[in-house]
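K.L.:
For reference, the file start-v8.tsv (TSV, C-alpha atoms) is included below:
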```
chain	number	residue	atom	x	y	z
N	1	GLY	CA	-38.05	15.60	56.93
N	2	LYS	CA	-40.57	18.02	58.33
N	3	PRO	CA	-43.09	16.52	60.78
N	4	LEU	CA	-46.57	15.97	59.34
N	5	PHE	CA	-48.13	17.80	62.25
N	6	SER	CA	-46.97	19.83	65.19
N	7	VAL	CA	-48.36	21.36	68.29
N	8	GLY	CA	-46.87	23.85	70.69
N	9	PRO	CA	-45.00	25.35	72.25
N	10	ILE	CA	-46.76	23.99	75.33
N	11	ASN	CA	-46.11	24.60	78.99
N	12	LEU	CA	-48.70	22.66	80.93
N	13	SER	CA	-48.95	21.45	84.52
N	14	ILE	CA	-51.75	19.14	85.55
N	15	PRO	CA	-52.04	18.62	89.30
N	16	GLN	CA	-53.18	15.23	90.56
N	17	GLY	CA	-56.94	15.14	91.03
N	18	GLU	CA	-57.68	17.86	88.48
N	19	LEU	CA	-60.62	17.66	86.08
N	20	LEU	CA	-59.33	19.31	82.92
N	21	PHE	CA	-61.36	20.03	79.78
N	22	LEU	CA	-59.48	20.35	76.51
N	23	VAL	CA	-61.36	22.41	73.93
N	24	GLY	CA	-60.64	23.65	70.44
N	25	GLY	CA	-61.77	23.37	66.86
N	26	ASN	CA	-61.13	20.44	64.55
N	27	GLY	CA	-57.46	20.27	63.60
N	28	SER	CA	-56.39	22.51	66.49
N	29	GLY	CA	-54.08	19.82	67.93
N	30	LYS	CA	-56.16	18.32	70.75
N	31	SER	CA	-55.53	14.69	69.76
N	32	THR	CA	-51.85	15.34	69.07
N	33	LEU	CA	-51.51	16.95	72.50
N	34	LEU	CA	-53.23	13.95	74.11
N	35	LYS	CA	-50.91	11.53	72.33
N	36	LEU	CA	-47.87	13.51	73.51
N	37	LEU	CA	-49.24	13.76	77.04
N	38	THR	CA	-49.99	10.04	77.31
N	39	GLY	CA	-46.61	9.00	75.90
N	40	LEU	CA	-47.89	7.64	72.58
N	41	TYR	CA	-45.81	10.26	70.74
N	42	TYR	CA	-42.33	11.36	71.77
N	43	PRO	CA	-41.80	15.12	71.85
N	44	VAL	CA	-39.36	16.38	69.18
N	45	SER	CA	-38.18	18.96	71.69
N	46	GLY	CA	-38.95	19.53	75.34
N	47	SER	CA	-39.90	16.83	77.81
N	48	LEU	CA	-42.53	15.31	80.05
N	49	TRP	CA	-42.16	15.36	83.81
N	50	VAL	CA	-43.98	13.49	86.57
N	51	ASP	CA	-43.50	14.58	90.18
N	52	ASP	CA	-40.38	16.64	89.33
N	53	GLU	CA	-38.80	13.68	87.49
N	54	GLU	CA	-38.12	13.92	83.78
N	55	ILE	CA	-39.47	10.92	81.82
N	56	ASP	CA	-36.75	9.52	79.63
N	57	ARG	CA	-37.47	7.27	76.63
N	58	ARG	CA	-36.58	4.11	78.54
N	59	GLU	CA	-39.32	4.95	81.06
N	60	TYR	CA	-42.06	5.67	78.52
N	61	GLN	CA	-43.60	2.20	78.78
N	62	SER	CA	-44.12	2.50	82.52
N	63	TYR	CA	-45.22	6.13	82.10
N	64	ARG	CA	-47.95	4.98	79.69
N	65	GLU	CA	-49.26	2.67	82.41
N	66	LEU	CA	-50.51	5.71	84.35
N	67	PHE	CA	-53.28	6.25	81.82
N	68	ALA	CA	-56.60	4.72	80.85
N	69	ILE	CA	-57.53	6.31	77.54
N	70	ILE	CA	-60.58	6.29	75.32
N	71	PHE	CA	-59.76	7.90	71.98
N	72	THR	CA	-62.48	8.64	69.40
N	73	ASP	CA	-61.24	5.72	67.27
N	74	PHE	CA	-61.24	3.22	70.14
N	75	HIS	CA	-61.62	-0.52	69.63
N	76	LEU	CA	-63.76	-2.68	71.87
N	77	PHE	CA	-62.90	-6.31	72.65
N	78	GLU	CA	-65.46	-8.72	74.09
N	79	LYS	CA	-62.80	-10.05	76.50
N	80	LEU	CA	-61.03	-7.91	79.09
N	81	TYR	CA	-57.35	-8.31	78.24
N	82	GLY	CA	-54.57	-7.48	80.66
N	83	LEU	CA	-56.77	-7.17	83.72
N	84	PRO	CA	-55.72	-9.67	86.40
N	85	GLU	CA	-58.92	-10.50	88.20
N	86	ILE	CA	-62.32	-9.14	87.39
N	87	ASP	CA	-64.83	-8.57	90.16
N	88	ARG	CA	-68.15	-9.41	88.45
N	89	LYS	CA	-70.10	-7.36	91.00
N	90	ARG	CA	-67.98	-4.33	90.16
N	91	VAL	CA	-68.54	-4.88	86.42
N	92	LYS	CA	-72.28	-5.19	87.06
N	93	SER	CA	-72.44	-1.98	89.07
N	94	TRP	CA	-70.49	-0.05	86.40
N	95	LEU	CA	-72.80	-1.44	83.69
N	96	ARG	CA	-75.77	-0.28	85.76
N	97	LEU	CA	-74.24	3.19	86.26
N	98	VAL	CA	-73.74	3.68	82.51
N	99	GLU	CA	-77.19	2.21	81.81
N	100	LEU	CA	-75.96	-0.86	79.90
N	101	ASP	CA	-77.02	-3.53	82.39
N	102	LYS	CA	-80.06	-4.39	80.21
N	103	LYS	CA	-77.93	-4.54	77.03
N	104	THR	CA	-74.95	-6.71	77.98
N	105	GLU	CA	-73.49	-8.62	80.89
N	106	TYR	CA	-70.11	-9.96	81.82
N	107	LEU	CA	-70.20	-13.77	81.65
N	108	ASP	CA	-67.43	-16.38	81.38
N	109	GLY	CA	-64.73	-13.73	81.02
N	110	LYS	CA	-66.41	-11.70	78.29
N	111	PHE	CA	-69.28	-9.36	77.48
N	112	SER	CA	-72.37	-11.17	76.22
N	113	HIS	CA	-73.34	-8.56	73.58
N	114	LEU	CA	-71.25	-6.08	71.64
N	115	ASP	CA	-74.02	-5.37	69.14
N	116	LEU	CA	-74.44	-1.85	70.51
N	117	SER	CA	-74.86	1.69	69.20
N	118	THR	CA	-71.76	3.93	68.99
N	119	GLY	CA	-72.81	5.74	72.17
N	120	GLN	CA	-73.32	2.44	74.01
N	121	LYS	CA	-69.96	1.11	72.79
N	122	LYS	CA	-68.28	4.23	74.17
N	123	ARG	CA	-70.00	3.66	77.52
N	124	LEU	CA	-68.80	0.05	77.53
N	125	ALA	CA	-65.26	1.25	76.73
N	126	PHE	CA	-65.67	3.59	79.72
N	127	VAL	CA	-66.59	0.62	81.95
N	128	VAL	CA	-63.45	-1.20	80.79
N	129	ALA	CA	-61.36	1.92	81.52
N	130	MET	CA	-62.85	2.10	85.03
N	131	LEU	CA	-61.90	-1.53	85.66
N	132	GLU	CA	-58.29	-0.69	84.75
N	133	ASP	CA	-58.31	1.64	87.78
N	134	LYS	CA	-55.52	3.98	86.60
N	135	PRO	CA	-54.52	7.27	88.24
N	136	VAL	CA	-55.18	9.29	85.04
N	137	TYR	CA	-58.17	9.04	82.71
N	138	VAL	CA	-58.29	10.55	79.23
N	139	PHE	CA	-61.63	10.77	77.44
N	140	ASP	CA	-61.61	12.06	73.87
N	141	GLU	CA	-65.16	13.19	72.98
N	142	LEU	CA	-66.65	10.39	75.07
N	143	ALA	CA	-69.96	12.21	75.56
N	144	ALA	CA	-70.37	13.15	71.88
N	145	ASP	CA	-72.64	10.23	70.92
N	146	GLN	CA	-74.65	10.12	74.14
N	147	ASP	CA	-78.25	11.12	74.72
N	148	PRO	CA	-78.78	14.35	76.74
N	149	GLY	CA	-79.73	12.45	79.91
N	150	PHE	CA	-76.58	10.35	79.97
N	151	ARG	CA	-74.44	13.33	78.95
N	152	LYS	CA	-75.70	15.25	82.01
N	153	LYS	CA	-75.01	12.23	84.25
N	154	PHE	CA	-71.49	11.90	82.79
N	155	TYR	CA	-70.51	15.53	83.46
N	156	GLU	CA	-72.42	16.17	86.68
N	157	GLU	CA	-72.14	12.82	88.48
N	158	ILE	CA	-69.59	10.42	87.00
N	159	LEU	CA	-66.68	12.83	86.40
N	160	PRO	CA	-67.03	14.62	89.79
N	161	ASP	CA	-67.17	11.21	91.48
N	162	LEU	CA	-63.92	10.12	89.78
N	163	LYS	CA	-62.35	13.39	90.87
N	164	LYS	CA	-63.46	12.72	94.48
N	165	GLN	CA	-61.58	9.42	94.24
N	166	GLY	CA	-58.41	11.42	93.52
N	167	LYS	CA	-58.29	10.56	89.81
N	168	THR	CA	-56.87	13.02	87.31
N	169	ILE	CA	-59.21	13.40	84.36
N	170	ILE	CA	-58.57	14.99	80.96
N	171	VAL	CA	-61.65	15.37	78.77
N	172	VAL	CA	-61.79	16.56	75.17
N	173	THR	CA	-65.23	18.09	74.81
N	174	HIS	CA	-67.34	20.60	72.94
N	175	ASP	CA	-70.10	20.51	75.57
N	176	ASP	CA	-69.88	24.15	76.66
N	177	LYS	CA	-73.07	23.62	78.67
N	178	TYR	CA	-70.93	21.62	81.14
N	179	PHE	CA	-67.70	23.66	81.15
N	180	HIS	CA	-68.57	24.79	84.71
N	181	THR	CA	-67.94	21.23	85.98
N	182	ALA	CA	-64.22	21.39	85.07
N	183	ASP	CA	-61.40	22.82	87.17
```
As structure tokens - that is how I would like this structure written.
P.N.:
Amino acid sequence: GKPLFSVGPINLSIPQGELLFLVGGNGSGKSTLLKLLTGLYYPVSGSLWVDDEEIDRREYQSYRELFAIIFTDFHLFEKLYGLPEIDRKRVKSWLRLVELDKKTEYLDGKFSHLDLSTGQKKRLAFVVAMLEDKPVYVFDELAADQDPGFRKKFYEEILPDLKKQGKTIIVVTHDDKYFHTAD
């Protein structure tokens, strides 16, 4: 049958280390594009390439490992699953950076409090994504539920700092006030 949704045609190259903002109205295909790009959906036609190599379906699982993703409908676990060893100092410094160090801490392999606002939960999901230390980060409306002060910090300090570390960052955003910070 006919696909429920479609997007394209798309011809997109994202160089390593680029800070890319994805903008568009509701229903314009941003989330579908992200799911294609991160290997969660297979393209019906066309293909994904990394470093001049076409990704074939057998390689999708390892391709997905390139990404740390925070979608709008993310789920937060109190334990950090799939991360080999956790440097508590690193967790603490990330919690401080996202201004959650007074709200929760990382003790005995889990976060002490998950009773947080939506904005705070997104920031905690961000901390977890940082601990994954992937080459590509995808943030879908991460700043949407943040106060203006943290929003400014996110766009003007945190994202540029990730870029300086050579990370590739794809951000879905409506914050036109900060479009100048993107490549």
K.L.:
Using all atoms listed in the file, what table do you get, as a Markdown table, when you list each residue of stretch 89-131 of chain N with an atom no more than 10 Å from stretch 146-169 of chain N, its nearest pair of atoms, and their distance in Å rounded to one decimal, rows by chain then rising number?
P.N.:
```
| residue | atom | partner | partner_atom | distance |
| --- | --- | --- | --- | --- |
| N:Leu97 | CA | N:Ile158 | CA | 8.6 |
| N:Val98 | CA | N:Phe150 | CA | 7.7 |
| N:Glu99 | CA | N:Phe150 | CA | 8.4 |
| N:Ser117 | CA | N:Gln146 | CA | 9.8 |
| N:Thr118 | CA | N:Gln146 | CA | 8.6 |
| N:Gly119 | CA | N:Gln146 | CA | 5.1 |
| N:Gln120 | CA | N:Gln146 | CA | 7.8 |
| N:Lys122 | CA | N:Gln146 | CA | 8.7 |
| N:Arg123 | CA | N:Gln146 | CA | 8.6 |
| N:Met130 | CA | N:Leu162 | CA | 9.4 |
```
K.L.:
Restricting it to C-alpha atoms, dump the selection as an mmCIF file, in the frame of the given file.
P.N.:
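Listing of again.cif after writing:
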```cif
data_model
loop_
_atom_site.group_PDB
_atom_site.id
_atom_site.type_symbol
_atom_site.label_atom_id
_atom_site.label_comp_id
_atom_site.auth_asym_id
_atom_site.auth_seq_id
_atom_site.Cartn_x
_atom_site.Cartn_y
_atom_site.Cartn_z
ATOM 1 C CA LEU N 97 -74.240 3.190 86.260
ATOM 2 C CA VAL N 98 -73.740 3.680 82.510
ATOM 3 C CA GLU N 99 -77.190 2.210 81.810
ATOM 4 C CA SER N 117 -74.860 1.690 69.200
ATOM 5 C CA THR N 118 -71.760 3.930 68.990
ATOM 6 C CA GLY N 119 -72.810 5.740 72.170
ATOM 7 C CA GLN N 120 -73.320 2.440 74.010
ATOM 8 C CA LYS N 122 -68.280 4.230 74.170
ATOM 9 C CA ARG N 123 -70.000 3.660 77.520
ATOM 10 C CA MET N 130 -62.850 2.100 85.030
#
```
K.L.:
Would you list the contacts of stretch 36-50 of chain N as a PyMOL selection string, taking every protein, DNA or RNA residue within 12 Å and counting only C-alpha atoms, but skipping same-chain residues closer than 2 positions in sequence?
P.N.:
chain N and resi 2-3+5-16+29-34+52-71+136-139+170
K.L.:
Atom CA of N:Leu20 to atom CA of N:Val171: how many Å, to one decimal?
P.N.:
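Atom CA of N:Leu20 sits 6.2 Å away from atom CA of N:Val171.
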K.L.:
Can you pull out every residue within 9 Å of N:Asp175, counting only C-alpha atoms, but drop anything in the same chain fewer than 4 positions away, and send it as a PyMOL selection string?
P.N.:
chain N and resi 143-144+179
K.L.:
Selected residues, C-alpha atoms, written as a PDB file, in the frame of the given file, please.
P.N.:
```
ATOM      1  CA  ALA N 143     -69.960  12.210  75.560  1.00  0.00           C
ATOM      2  CA  ALA N 144     -70.370  13.150  71.880  1.00  0.00           C
ATOM      3  CA  PHE N 179     -67.700  23.660  81.150  1.00  0.00           C
TER       4      PHE N 179
END
```
K.L.:
Rounded to one decimal, what separation in Å do you get between atom CA of N:Lys121 and atom CA of N:Asp133?
P.N.:
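Separation of atom CA of N:Lys121 and atom CA of N:Asp133: 19.0 Å.
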K.L.:
I need the residue nearest N:Thr173 from this list: N:Asp115, N:Asp101, N:Glu78, N:Glu141. Use only C-alpha atoms for the distance.
P.N.:
N:Glu141
K.L.:
Pick from N:Lys103, N:Ser28, N:Phe21, N:Glu85: nearest to N:Leu142, with only C-alpha atoms counted?
P.N.:
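For N:Leu142, the nearest of the candidates is N:Phe21.
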K.L.:
Identify the residues around (-56.8, -5.6, 84.9) within a radius of 10 Å, measuring from only C-alpha atoms in the coordinates stated by the file, and give them as a list in words.
P.N.:
Leu80, Tyr81, Gly82, Leu83, Pro84, Glu85, Ile86, Val128, Ala129, Met130, Leu131, Glu132, Asp133 and Lys134 of chain N
